[in-house]
Amino acid sequence: MSGLPKIPAPVRTDFLASAAAARLVAREGVVACLRGMAAAIEADFRRWSAFDKSARIATHSPQGVIELMPVSDAEGYGFKYVNGHPTNPQRGLPTVMAFGALADVATGMPVFLSELTLTTALRTAATSAMAARWLARPDSRVMALIGNGAQSEFQALAFVGLLGIRALHLYDVDADATRRLVRNLAPYARAMGFDLHPCATAAQAVHGADIVTTATADKSRATILAADAIGPGTHVNAIGGDCPGKTELDAALLQRAAVFVEYEPQTRVEGDIQQMPADFPVTELWRVIAGEAPGRRTPQDITVFDSVGFALEDYAAMQFMRHRARGAGLLETLDLVPALADPRDLFQRVAEADRDPAPPSAATLCAGVPA
Ligand SMILES: NC(=O)c1ccc[n+]([C@@H]2O[C@H](COP(=O)([O-])OP(=O)(O)OC[C@H]3O[C@@H](n4cnc5c(N)ncnc54)[C@H](O)[C@@H]3O)[C@@H](O)[C@H]2O)c1
């Protein structure tokens with residue numbers, strides 16, 4: 001052992017369950033959470049060089065993708081497990097499901113385990129709005145929202161709450177999805193004073209929009225918008241083209257636009273720019289936030305945020321949710337790592353368990369032992 005002083009490290013893992021996360025967001029307000037999370041994510045984008053970054057590790061199947069997303073700085077390590085299975089709703093499961101953890105870099109102790117399905121929707125919307133604050137025209141008031149699934153309410157409220165959007169043009173190939181979105185947003189529209197307009201086609205939704213958000217799910221090289229449907233001055237927030245073979249935008253639109261990405265090595269493989277040559281020019285968003293690169297240059301520019309979701313956003317979102325949930329008394333404590341009187345005597349844990357009031361059955365103790 002080294003000469004490190006023997007300080008008992010807390011053997012305690014905070015846990016945020018999905019019901020507790022939902023209660024937290026309901027209690028604090030969706031828009032307040034989105035604001036707080038956007039501020040936390042932007043603060044970490046400003047510390048970009050402090051993070052050890054890598055593209056996520058993806059496992060593909062014909063139905064979808066499962067991904068692991070790690071990131072760390074000097075103090076903390078975080079990872080997210082997330083899937084994307086566009087046909088899941090037909091099986092009664094969400095397209096996107098996630099969980100993740102934070103660990104202490106100094107000890108490796110996992111300090112926080114969390115649901116991240118709701119948190120991912122919040123962090124994606126918060127990141128979209130944060131990017132649009134740097135890239136969209138400041139006078140943007142109308143947003144088209146194409147793809148009205150699980151992410152859509154969060155996207156809508158982020159742009160209303162953080163950018164001042166006052167009208168939403170809604171389109172989905174499934175009219176029921178749009179009806180659900182309108183039903184869920186109606187009380188917010190009344191309280192916050194914005195309008196909802198269901199549209200019959202994507203082209204109709206885009207007409208007159210300052211910002212276009214695409215949040216569709218289809219594991220294919222889709223082109224949900226013709227390039228000429230997007231007029232000068234538009235900001236496109238493209239979140240659904242986020243893995244190899246899954247795109248939303250016409251390559252001709254990317255050619256006409258200034259394209260911004262989260263982490264270039266990951267987006268080259270996963271984003272809409274997978275359609276473009278390897279030297280197609282893009283700017284990492286953190287450089288705009290840090291003042292190292294220009295964002296929108298003129299009111300006539302078309303800007304595209306080719307979002308795929310980056311681990312740093314989840315790291316910031318987990319820190320934010322843990323902090324707020326602790327304040328609200330919504331964290332549980334998990335028995336994830338054994339608390340040991342002698343850290344090298346792991347076997348004592350088994351012996352102690354044997355003295356528990358409800359000891360494991362003989363069958364359990366002898367499982368795998370040849371008779
Ligand atoms: N960039 C990110 O950080 C990020 C984060 C989360 C989710 N996503 C992606 O966002 C997308 C939406 O996620 P979700 O959880 O809302 O999925 P979802 O399955 O709940 O909703 C997707 C919606 O898109 C609609 N749709 C499919 N094709 C369409 C088309 N051509 N035109 C209009 N509508 C169409 C579907 O009918 C459905 O209502 C997914 O592709 C997901 O992988 C990206």
# chains A, B, ... in the order shown; residues from 1 in each chain; ligands from 1
>>> closest_atom_pairs(of="chain A", to="ligand 1", cutoff="7 Å", atoms="only C-alpha atoms and all ligand atoms", output="CSV")
residue,atom,partner,partner_atom_place_in_ligand_line,distance
A:Gly84,CA,ligand 1,43 (O),5.1
A:Pro86,CA,ligand 1,19 (O),5.3
A:Pro89,CA,ligand 1,19 (O),6.6
A:Pro94,CA,ligand 1,20 (O),6.3
A:Thr95,CA,ligand 1,19 (O),4.8
A:Val96,CA,ligand 1,15 (O),5.1
A:Thr120,CA,ligand 1,6 (C),6.3
A:Ala121,CA,ligand 1,6 (C),6.0
A:Thr124,CA,ligand 1,3 (O),4.9
A:Ile146,CA,ligand 1,33 (C),5.3
A:Gly147,CA,ligand 1,24 (O),3.8
A:Asn148,CA,ligand 1,39 (O),4.7
A:Gly149,CA,ligand 1,21 (O),3.2
A:Ala150,CA,ligand 1,16 (O),3.7
A:Gln151,CA,ligand 1,16 (O),3.9
A:Ser152,CA,ligand 1,16 (O),5.9
A:Tyr171,CA,ligand 1,33 (C),6.1
A:Asp172,CA,ligand 1,34 (N),3.7
A:Val173,CA,ligand 1,34 (N),4.5
A:Asp174,CA,ligand 1,37 (O),4.7
A:Ala177,CA,ligand 1,39 (O),5.2
A:Ala202,CA,ligand 1,32 (N),6.9
A:Ala215,CA,ligand 1,12 (C),4.4
A:Thr216,CA,ligand 1,24 (O),3.4
A:Ala217,CA,ligand 1,41 (O),3.5
A:Asp218,CA,ligand 1,28 (N),5.5
A:Ala222,CA,ligand 1,31 (N),6.8
A:Ile224,CA,ligand 1,31 (N),4.9
A:Ile239,CA,ligand 1,1 (N),3.9
A:Gly240,CA,ligand 1,41 (O),3.7
A:Gly241,CA,ligand 1,41 (O),6.1
A:Asp242,CA,ligand 1,1 (N),5.9
A:Ser307,CA,ligand 1,1 (N),4.4
A:Val308,CA,ligand 1,1 (N),3.6
A:Gly309,CA,ligand 1,3 (O),3.1
A:Phe310,CA,ligand 1,3 (O),6.8
>>> write_last_selection(atoms="C-alpha atoms", output="mmCIF file, in the first residue's frame")
data_model
loop_
_atom_site.group_PDB
_atom_site.id
_atom_site.type_symbol
_atom_site.label_atom_id
_atom_site.label_comp_id
_atom_site.auth_asym_id
_atom_site.auth_seq_id
_atom_site.Cartn_x
_atom_site.Cartn_y
_atom_site.Cartn_z
ATOM 1 C CA GLY A 84 -32.285 3.851 -30.100
ATOM 2 C CA PRO A 86 -37.390 3.215 -33.722
ATOM 3 C CA PRO A 89 -43.219 1.880 -29.588
ATOM 4 C CA PRO A 94 -39.876 3.879 -25.758
ATOM 5 C CA THR A 95 -37.559 4.352 -28.746
ATOM 6 C CA VAL A 96 -34.895 5.796 -26.435
ATOM 7 C CA THR A 120 -31.898 12.555 -21.801
ATOM 8 C CA ALA A 121 -35.015 14.245 -23.184
ATOM 9 C CA THR A 124 -31.223 17.060 -25.494
ATOM 10 C CA ILE A 146 -41.085 17.719 -37.318
ATOM 11 C CA GLY A 147 -41.338 14.397 -35.482
ATOM 12 C CA ASN A 148 -43.757 14.673 -32.570
ATOM 13 C CA GLY A 149 -42.591 11.743 -30.429
ATOM 14 C CA ALA A 150 -41.137 11.431 -26.923
ATOM 15 C CA GLN A 151 -38.586 14.252 -27.317
ATOM 16 C CA SER A 152 -41.004 16.761 -28.805
ATOM 17 C CA TYR A 171 -45.867 17.760 -38.220
ATOM 18 C CA ASP A 172 -45.545 14.000 -37.837
ATOM 19 C CA VAL A 173 -46.283 11.186 -40.305
ATOM 20 C CA ASP A 174 -48.458 9.824 -37.464
ATOM 21 C CA ALA A 177 -48.465 11.780 -32.320
ATOM 22 C CA ALA A 202 -43.408 18.905 -43.468
ATOM 23 C CA ALA A 215 -36.782 14.880 -34.223
ATOM 24 C CA THR A 216 -37.873 11.907 -36.296
ATOM 25 C CA ALA A 217 -36.969 8.263 -35.669
ATOM 26 C CA ASP A 218 -36.421 5.964 -38.610
ATOM 27 C CA ALA A 222 -34.323 9.621 -44.696
ATOM 28 C CA ILE A 224 -37.593 14.519 -44.314
ATOM 29 C CA ILE A 239 -31.538 15.810 -33.576
ATOM 30 C CA GLY A 240 -32.889 12.623 -35.205
ATOM 31 C CA GLY A 241 -29.993 11.783 -37.565
ATOM 32 C CA ASP A 242 -27.777 10.300 -34.903
ATOM 33 C CA SER A 307 -26.812 17.093 -32.986
ATOM 34 C CA VAL A 308 -26.131 13.459 -32.116
ATOM 35 C CA GLY A 309 -25.875 13.810 -28.321
ATOM 36 C CA PHE A 310 -22.505 13.919 -26.553
#
>>> select_by_dssp(residues="region 209-303 of chain A", states="strand (DSSP E or B)", output="VMD selection string")
chain A and resid 211 to 214 221 to 225 235 to 238 243 246 to 249 258 to 261 283 to 284 303
>>> write_last_selection(atoms="N, CA, C and O atoms", output="mmCIF file, in the first residue's frame")
data_model
loop_
_atom_site.group_PDB
_atom_site.id
_atom_site.type_symbol
_atom_site.label_atom_id
_atom_site.label_comp_id
_atom_site.auth_asym_id
_atom_site.auth_seq_id
_atom_site.Cartn_x
_atom_site.Cartn_y
_atom_site.Cartn_z
ATOM 1 N N ILE A 211 -36.964 28.732 -37.099
ATOM 2 C CA ILE A 211 -36.177 27.585 -36.616
ATOM 3 C C ILE A 211 -36.921 26.324 -37.027
ATOM 4 O O ILE A 211 -38.155 26.270 -36.957
ATOM 5 N N VAL A 212 -36.177 25.313 -37.476
ATOM 6 C CA VAL A 212 -36.783 24.016 -37.822
ATOM 7 C C VAL A 212 -36.097 22.952 -36.976
ATOM 8 O O VAL A 212 -34.875 22.790 -37.051
ATOM 9 N N THR A 213 -36.884 22.270 -36.141
ATOM 10 C CA THR A 213 -36.344 21.155 -35.365
ATOM 11 C C THR A 213 -36.824 19.857 -35.983
ATOM 12 O O THR A 213 -38.029 19.670 -36.192
ATOM 13 N N THR A 214 -35.880 18.951 -36.294
ATOM 14 C CA THR A 214 -36.246 17.636 -36.807
ATOM 15 C C THR A 214 -35.918 16.610 -35.734
ATOM 16 O O THR A 214 -34.783 16.513 -35.287
ATOM 17 N N ARG A 221 -31.685 6.215 -44.218
ATOM 18 C CA ARG A 221 -31.203 7.464 -44.796
ATOM 19 C C ARG A 221 -32.413 8.258 -45.265
ATOM 20 O O ARG A 221 -32.743 8.255 -46.447
ATOM 21 N N ALA A 222 -33.104 8.892 -44.347
ATOM 22 C CA ALA A 222 -34.323 9.621 -44.696
ATOM 23 C C ALA A 222 -33.968 11.044 -45.127
ATOM 24 O O ALA A 222 -32.938 11.589 -44.745
ATOM 25 N N THR A 223 -34.825 11.631 -45.928
ATOM 26 C CA THR A 223 -34.717 13.059 -46.229
ATOM 27 C C THR A 223 -36.090 13.613 -45.927
ATOM 28 O O THR A 223 -37.000 13.517 -46.734
ATOM 29 N N ILE A 224 -36.250 14.128 -44.716
ATOM 30 C CA ILE A 224 -37.593 14.519 -44.314
ATOM 31 C C ILE A 224 -37.961 15.913 -44.813
ATOM 32 O O ILE A 224 -39.098 16.320 -44.713
ATOM 33 N N LEU A 225 -36.967 16.600 -45.378
ATOM 34 C CA LEU A 225 -37.184 17.955 -45.887
ATOM 35 C C LEU A 225 -36.410 18.150 -47.169
ATOM 36 O O LEU A 225 -35.227 17.801 -47.217
ATOM 37 N N HIS A 235 -32.525 28.594 -38.839
ATOM 38 C CA HIS A 235 -31.654 27.721 -38.048
ATOM 39 C C HIS A 235 -32.308 26.345 -37.992
ATOM 40 O O HIS A 235 -33.489 26.230 -37.645
ATOM 41 N N VAL A 236 -31.546 25.299 -38.348
ATOM 42 C CA VAL A 236 -32.065 23.931 -38.330
ATOM 43 C C VAL A 236 -31.431 23.186 -37.156
ATOM 44 O O VAL A 236 -30.198 23.103 -37.054
ATOM 45 N N ASN A 237 -32.289 22.693 -36.277
ATOM 46 C CA ASN A 237 -31.849 21.932 -35.100
ATOM 47 C C ASN A 237 -32.192 20.473 -35.391
ATOM 48 O O ASN A 237 -33.324 20.036 -35.207
ATOM 49 N N ALA A 238 -31.197 19.727 -35.893
ATOM 50 C CA ALA A 238 -31.456 18.367 -36.388
ATOM 51 C C ALA A 238 -30.996 17.359 -35.339
ATOM 52 O O ALA A 238 -29.797 17.171 -35.159
ATOM 53 N N CYS A 243 -27.142 8.196 -35.936
ATOM 54 C CA CYS A 243 -26.292 6.996 -35.968
ATOM 55 C C CYS A 243 -26.065 6.575 -37.422
ATOM 56 O O CYS A 243 -26.786 7.033 -38.321
ATOM 57 N N LYS A 246 -28.616 6.565 -40.475
ATOM 58 C CA LYS A 246 -29.855 7.198 -39.979
ATOM 59 C C LYS A 246 -29.682 8.713 -40.073
ATOM 60 O O LYS A 246 -29.017 9.336 -39.246
ATOM 61 N N THR A 247 -30.258 9.281 -41.142
ATOM 62 C CA THR A 247 -30.119 10.728 -41.365
ATOM 63 C C THR A 247 -31.494 11.349 -41.641
ATOM 64 O O THR A 247 -32.466 10.632 -41.907
ATOM 65 N N GLU A 248 -31.548 12.664 -41.571
ATOM 66 C CA GLU A 248 -32.813 13.387 -41.790
ATOM 67 C C GLU A 248 -32.705 14.450 -42.876
ATOM 68 O O GLU A 248 -33.702 14.805 -43.498
ATOM 69 N N LEU A 249 -31.513 15.016 -43.049
ATOM 70 C CA LEU A 249 -31.392 16.210 -43.905
ATOM 71 C C LEU A 249 -30.850 15.867 -45.284
ATOM 72 O O LEU A 249 -30.009 14.980 -45.442
ATOM 73 N N ALA A 258 -24.036 26.681 -42.770
ATOM 74 C CA ALA A 258 -22.897 26.609 -41.849
ATOM 75 C C ALA A 258 -23.283 25.560 -40.809
ATOM 76 O O ALA A 258 -24.320 25.689 -40.156
ATOM 77 N N VAL A 259 -22.455 24.505 -40.716
ATOM 78 C CA VAL A 259 -22.833 23.348 -39.890
ATOM 79 C C VAL A 259 -22.005 23.314 -38.602
ATOM 80 O O VAL A 259 -20.777 23.425 -38.633
ATOM 81 N N PHE A 260 -22.723 23.133 -37.476
ATOM 82 C CA PHE A 260 -22.102 23.098 -36.147
ATOM 83 C C PHE A 260 -22.378 21.733 -35.514
ATOM 84 O O PHE A 260 -23.473 21.171 -35.685
ATOM 85 N N VAL A 261 -21.382 21.219 -34.817
ATOM 86 C CA VAL A 261 -21.496 19.872 -34.245
ATOM 87 C C VAL A 261 -21.036 19.902 -32.784
ATOM 88 O O VAL A 261 -20.444 20.879 -32.328
ATOM 89 N N THR A 283 -17.969 23.253 -37.550
ATOM 90 C CA THR A 283 -17.408 23.941 -36.381
ATOM 91 C C THR A 283 -17.950 23.279 -35.128
ATOM 92 O O THR A 283 -19.165 23.078 -35.020
ATOM 93 N N GLU A 284 -17.061 22.944 -34.185
ATOM 94 C CA GLU A 284 -17.550 22.417 -32.907
ATOM 95 C C GLU A 284 -18.165 23.572 -32.105
ATOM 96 O O GLU A 284 -17.580 24.655 -31.991
ATOM 97 N N THR A 303 -28.058 28.120 -40.656
ATOM 98 C CA THR A 303 -27.199 27.407 -39.710
ATOM 99 C C THR A 303 -27.844 26.056 -39.407
ATOM 100 O O THR A 303 -29.073 25.947 -39.328
#
>>> residues_around(residues="region 35-40 of chain A", least_positions_apart="6", cutoff="7 Å", atoms="only C-alpha atoms", output="PyMOL selection string")
chain A and resi 123+126-127+130+162+316-317+320
>>> write_last_selection(atoms="N, CA, C and O atoms", output="mmCIF file, in the first residue's frame")
data_model
loop_
_atom_site.group_PDB
_atom_site.id
_atom_site.type_symbol
_atom_site.label_atom_id
_atom_site.label_comp_id
_atom_site.auth_asym_id
_atom_site.auth_seq_id
_atom_site.Cartn_x
_atom_site.Cartn_y
_atom_site.Cartn_z
ATOM 1 N N ARG A 123 -31.974 16.945 -21.365
ATOM 2 C CA ARG A 123 -30.635 17.428 -21.746
ATOM 3 C C ARG A 123 -30.541 17.663 -23.246
ATOM 4 O O ARG A 123 -29.842 18.556 -23.714
ATOM 5 N N ALA A 126 -32.370 20.918 -23.786
ATOM 6 C CA ALA A 126 -31.572 22.021 -23.215
ATOM 7 C C ALA A 126 -30.381 22.316 -24.126
ATOM 8 O O ALA A 126 -30.052 23.487 -24.381
ATOM 9 N N THR A 127 -29.736 21.269 -24.643
ATOM 10 C CA THR A 127 -28.579 21.469 -25.536
ATOM 11 C C THR A 127 -29.029 22.128 -26.843
ATOM 12 O O THR A 127 -28.360 23.037 -27.361
ATOM 13 N N MET A 130 -29.689 25.729 -26.109
ATOM 14 C CA MET A 130 -28.407 26.413 -25.870
ATOM 15 C C MET A 130 -27.715 26.695 -27.211
ATOM 16 O O MET A 130 -27.248 27.814 -27.458
ATOM 17 N N LEU A 162 -36.609 29.255 -23.486
ATOM 18 C CA LEU A 162 -35.234 29.788 -23.513
ATOM 19 C C LEU A 162 -34.967 30.704 -24.700
ATOM 20 O O LEU A 162 -34.006 31.465 -24.688
ATOM 21 N N ALA A 316 -23.035 16.716 -17.414
ATOM 22 C CA ALA A 316 -23.563 17.950 -16.814
ATOM 23 C C ALA A 316 -24.992 17.743 -16.316
ATOM 24 O O ALA A 316 -25.370 18.210 -15.235
ATOM 25 N N ALA A 317 -25.793 17.008 -17.108
ATOM 26 C CA ALA A 317 -27.200 16.780 -16.733
ATOM 27 C C ALA A 317 -27.287 15.934 -15.468
ATOM 28 O O ALA A 317 -28.119 16.198 -14.582
ATOM 29 N N PHE A 320 -26.440 18.044 -12.490
ATOM 30 C CA PHE A 320 -27.554 18.953 -12.209
ATOM 31 C C PHE A 320 -28.684 18.206 -11.494
ATOM 32 O O PHE A 320 -29.193 18.663 -10.462
#
>>> select_by_dssp(residues="region 82-239 of chain A", states="alpha helix (DSSP H)", output="short mmCIF file (atom, residue, chain, number, x, y, z; two decimals) with N, CA and C atoms, in the first residue's frame")
data_model
loop_
_atom_site.label_atom_id
_atom_site.label_comp_id
_atom_site.auth_asym_id
_atom_site.auth_seq_id
_atom_site.Cartn_x
_atom_site.Cartn_y
_atom_site.Cartn_z
N THR A 117 -33.64 8.31 -18.93
CA THR A 117 -34.56 8.40 -20.07
C THR A 117 -35.19 9.80 -20.10
N LEU A 118 -35.79 10.19 -18.96
CA LEU A 118 -36.35 11.55 -18.86
C LEU A 118 -35.22 12.59 -18.92
N THR A 119 -34.13 12.28 -18.22
CA THR A 119 -33.00 13.22 -18.19
C THR A 119 -32.43 13.44 -19.59
N THR A 120 -32.40 12.39 -20.43
CA THR A 120 -31.90 12.55 -21.80
C THR A 120 -32.79 13.49 -22.61
N ALA A 121 -34.11 13.35 -22.44
CA ALA A 121 -35.01 14.24 -23.18
C ALA A 121 -34.78 15.70 -22.75
N LEU A 122 -34.60 15.90 -21.44
CA LEU A 122 -34.34 17.26 -20.94
C LEU A 122 -33.00 17.79 -21.44
N ARG A 123 -31.97 16.94 -21.36
CA ARG A 123 -30.63 17.43 -21.75
C ARG A 123 -30.54 17.66 -23.25
N THR A 124 -31.26 16.86 -24.04
CA THR A 124 -31.22 17.06 -25.49
C THR A 124 -31.91 18.38 -25.85
N ALA A 125 -33.05 18.62 -25.22
CA ALA A 125 -33.77 19.87 -25.48
C ALA A 125 -32.97 21.07 -24.96
N ALA A 126 -32.37 20.92 -23.79
CA ALA A 126 -31.57 22.02 -23.22
C ALA A 126 -30.38 22.32 -24.13
N THR A 127 -29.74 21.27 -24.64
CA THR A 127 -28.58 21.47 -25.54
C THR A 127 -29.03 22.13 -26.84
N SER A 128 -30.19 21.67 -27.38
CA SER A 128 -30.71 22.27 -28.62
C SER A 128 -30.95 23.76 -28.44
N ALA A 129 -31.59 24.11 -27.32
CA ALA A 129 -31.90 25.53 -27.09
C ALA A 129 -30.63 26.33 -26.84
N MET A 130 -29.69 25.73 -26.11
CA MET A 130 -28.41 26.41 -25.87
C MET A 130 -27.72 26.69 -27.21
N ALA A 131 -27.68 25.69 -28.09
CA ALA A 131 -27.03 25.87 -29.40
C ALA A 131 -27.76 26.95 -30.20
N ALA A 132 -29.09 26.92 -30.15
CA ALA A 132 -29.86 27.90 -30.94
C ALA A 132 -29.65 29.32 -30.43
N ARG A 133 -29.40 29.46 -29.11
CA ARG A 133 -29.13 30.81 -28.59
C ARG A 133 -27.87 31.40 -29.22
N TRP A 134 -26.92 30.53 -29.61
CA TRP A 134 -25.70 31.00 -30.24
C TRP A 134 -25.83 31.08 -31.77
N LEU A 135 -26.76 30.32 -32.35
CA LEU A 135 -26.76 30.17 -33.81
C LEU A 135 -27.99 30.74 -34.52
N SER A 152 -40.47 15.53 -28.21
CA SER A 152 -41.00 16.76 -28.81
C SER A 152 -41.52 17.79 -27.79
N GLU A 153 -42.20 17.36 -26.73
CA GLU A 153 -42.69 18.34 -25.74
C GLU A 153 -41.51 19.12 -25.13
N PHE A 154 -40.42 18.38 -24.87
CA PHE A 154 -39.25 18.99 -24.22
C PHE A 154 -38.58 19.98 -25.16
N GLN A 155 -38.50 19.59 -26.45
CA GLN A 155 -37.94 20.51 -27.45
C GLN A 155 -38.80 21.77 -27.52
N ALA A 156 -40.11 21.58 -27.60
CA ALA A 156 -41.02 22.72 -27.72
C ALA A 156 -40.84 23.68 -26.54
N LEU A 157 -40.87 23.12 -25.31
CA LEU A 157 -40.81 23.98 -24.13
C LEU A 157 -39.44 24.64 -23.97
N ALA A 158 -38.39 23.95 -24.41
CA ALA A 158 -37.06 24.57 -24.34
C ALA A 158 -36.99 25.79 -25.24
N PHE A 159 -37.55 25.69 -26.43
CA PHE A 159 -37.46 26.82 -27.37
C PHE A 159 -38.41 27.94 -26.98
N VAL A 160 -39.56 27.59 -26.40
CA VAL A 160 -40.46 28.64 -25.91
C VAL A 160 -39.82 29.34 -24.69
N GLY A 161 -39.33 28.53 -23.77
CA GLY A 161 -38.83 29.08 -22.50
C GLY A 161 -37.47 29.74 -22.60
N LEU A 162 -36.61 29.26 -23.49
CA LEU A 162 -35.23 29.79 -23.51
C LEU A 162 -34.97 30.70 -24.70
N LEU A 163 -35.83 30.62 -25.74
CA LEU A 163 -35.56 31.45 -26.93
C LEU A 163 -36.66 32.43 -27.27
N ALA A 175 -50.47 11.20 -37.34
CA ALA A 175 -51.27 12.34 -36.85
C ALA A 175 -51.61 12.19 -35.36
N ASP A 176 -51.69 10.95 -34.87
CA ASP A 176 -51.96 10.74 -33.44
C ASP A 176 -50.84 11.32 -32.57
N ALA A 177 -49.60 11.23 -33.08
CA ALA A 177 -48.46 11.78 -32.32
C ALA A 177 -48.65 13.29 -32.17
N THR A 178 -49.06 13.95 -33.24
CA THR A 178 -49.27 15.41 -33.18
C THR A 178 -50.42 15.75 -32.23
N ARG A 179 -51.50 14.93 -32.29
CA ARG A 179 -52.64 15.17 -31.38
C ARG A 179 -52.20 15.06 -29.92
N ARG A 180 -51.36 14.05 -29.62
CA ARG A 180 -50.89 13.88 -28.24
C ARG A 180 -50.05 15.09 -27.81
N LEU A 181 -49.19 15.53 -28.73
CA LEU A 181 -48.33 16.67 -28.43
C LEU A 181 -49.17 17.92 -28.13
N VAL A 182 -50.19 18.15 -28.95
CA VAL A 182 -51.06 19.32 -28.75
C VAL A 182 -51.76 19.20 -27.39
N ARG A 183 -52.26 17.99 -27.08
CA ARG A 183 -52.95 17.79 -25.79
C ARG A 183 -52.00 18.07 -24.62
N ASN A 184 -50.78 17.54 -24.70
CA ASN A 184 -49.83 17.73 -23.59
C ASN A 184 -49.37 19.18 -23.45
N LEU A 185 -49.26 19.88 -24.58
CA LEU A 185 -48.73 21.25 -24.52
C LEU A 185 -49.82 22.30 -24.27
N ALA A 186 -51.09 21.92 -24.46
CA ALA A 186 -52.16 22.92 -24.39
C ALA A 186 -52.13 23.75 -23.10
N PRO A 187 -51.99 23.12 -21.91
CA PRO A 187 -51.96 23.96 -20.69
C PRO A 187 -50.76 24.91 -20.65
N TYR A 188 -49.64 24.47 -21.20
CA TYR A 188 -48.44 25.33 -21.24
C TYR A 188 -48.66 26.47 -22.22
N ALA A 189 -49.32 26.16 -23.35
CA ALA A 189 -49.56 27.20 -24.36
C ALA A 189 -50.44 28.30 -23.77
N ARG A 190 -51.46 27.88 -22.99
CA ARG A 190 -52.34 28.88 -22.35
C ARG A 190 -51.55 29.71 -21.33
N ALA A 191 -50.76 29.03 -20.50
CA ALA A 191 -50.05 29.72 -19.42
C ALA A 191 -48.91 30.60 -19.95
N MET A 192 -48.22 30.13 -21.01
CA MET A 192 -47.02 30.85 -21.46
C MET A 192 -47.29 31.70 -22.70
N ALA A 202 -44.62 18.28 -44.01
CA ALA A 202 -43.41 18.90 -43.47
C ALA A 202 -43.20 20.28 -44.12
N ALA A 203 -43.46 20.36 -45.43
CA ALA A 203 -43.26 21.63 -46.15
C ALA A 203 -44.15 22.73 -45.57
N GLN A 204 -45.40 22.34 -45.24
CA GLN A 204 -46.32 23.33 -44.64
C GLN A 204 -45.78 23.79 -43.27
N ALA A 205 -45.26 22.84 -42.49
CA ALA A 205 -44.75 23.18 -41.15
C ALA A 205 -43.57 24.15 -41.25
N VAL A 206 -42.73 23.94 -42.25
CA VAL A 206 -41.51 24.73 -42.38
C VAL A 206 -41.79 26.14 -42.91
#
>>> closest_residue(among="A:Pro338, A:Ala167, A:Ala226, A:Arg349", to="His197 (chain A)", atoms="only C-alpha atoms")
A:Ala167
>>> residues_around(residues="Ala251 (chain A)", least_positions_apart="2", cutoff="9 Å", atoms="only C-alpha atoms", output="ChimeraX atom specification")
/A:223,227,249,253-256,272-273,275-276
>>> residues_around(residues="Val105 (chain A)", least_positions_apart="2", cutoff="12 Å", atoms="only C-alpha atoms", output="list in words")
Asp52, Val71, Ser72, Asp73, Ala74, Glu75, Gly76, Tyr77, Gly78, Leu102, Ala103, Thr107, Gly108, Met109, Pro110 and Val111 of chain A
>>> write_last_selection(atoms="N, CA and C atoms", output="short mmCIF file (atom, residue, chain, number, x, y, z; two decimals), in the first residue's frame")
data_model
loop_
_atom_site.label_atom_id
_atom_site.label_comp_id
_atom_site.auth_asym_id
_atom_site.auth_seq_id
_atom_site.Cartn_x
_atom_site.Cartn_y
_atom_site.Cartn_z
N ASP A 52 -11.69 14.55 -20.69
CA ASP A 52 -11.14 13.45 -21.47
C ASP A 52 -12.31 12.92 -22.30
N VAL A 71 -17.22 9.94 -20.30
CA VAL A 71 -16.47 11.20 -20.32
C VAL A 71 -15.95 11.43 -18.90
N SER A 72 -14.84 12.17 -18.76
CA SER A 72 -14.36 12.44 -17.40
C SER A 72 -13.58 13.75 -17.36
N ASP A 73 -13.52 14.33 -16.15
CA ASP A 73 -12.58 15.43 -15.91
C ASP A 73 -11.72 15.01 -14.72
N ALA A 74 -11.00 15.95 -14.11
CA ALA A 74 -10.06 15.56 -13.05
C ALA A 74 -10.77 14.97 -11.84
N GLU A 75 -12.03 15.40 -11.61
CA GLU A 75 -12.73 14.93 -10.41
C GLU A 75 -13.76 13.84 -10.67
N GLY A 76 -14.45 13.94 -11.80
CA GLY A 76 -15.58 13.04 -12.00
C GLY A 76 -15.48 12.24 -13.29
N TYR A 77 -16.09 11.07 -13.24
CA TYR A 77 -16.20 10.22 -14.43
C TYR A 77 -17.68 9.94 -14.60
N GLY A 78 -18.17 9.99 -15.83
CA GLY A 78 -19.58 9.68 -16.06
C GLY A 78 -19.75 8.81 -17.28
N LEU A 102 -22.27 8.36 -12.21
CA LEU A 102 -21.13 9.24 -11.97
C LEU A 102 -20.23 8.54 -10.97
N ALA A 103 -18.91 8.69 -11.17
CA ALA A 103 -17.96 8.10 -10.23
C ALA A 103 -16.94 9.16 -9.84
N THR A 107 -11.10 7.82 -6.41
CA THR A 107 -11.23 6.49 -5.82
C THR A 107 -11.90 5.48 -6.75
N GLY A 108 -12.59 5.97 -7.79
CA GLY A 108 -13.36 5.07 -8.65
C GLY A 108 -14.71 4.71 -8.06
N MET A 109 -15.02 5.27 -6.88
CA MET A 109 -16.28 4.94 -6.21
C MET A 109 -17.47 5.45 -7.04
N PRO A 110 -18.42 4.58 -7.42
CA PRO A 110 -19.63 5.07 -8.10
C PRO A 110 -20.53 5.81 -7.11
N VAL A 111 -20.65 7.11 -7.30
CA VAL A 111 -21.35 7.92 -6.30
C VAL A 111 -22.81 8.19 -6.66
#
>>> atom_distance(atom1="CA of Pro10 (chain A)", atom2="CA of Arg326 (chain A)")
16.3 Å
>>> residues_around(residues="Ala325 (chain A)", least_positions_apart="6", cutoff="9 Å", atoms="only C-alpha atoms", output="ChimeraX atom specification")
/A:16,20-21,24,331
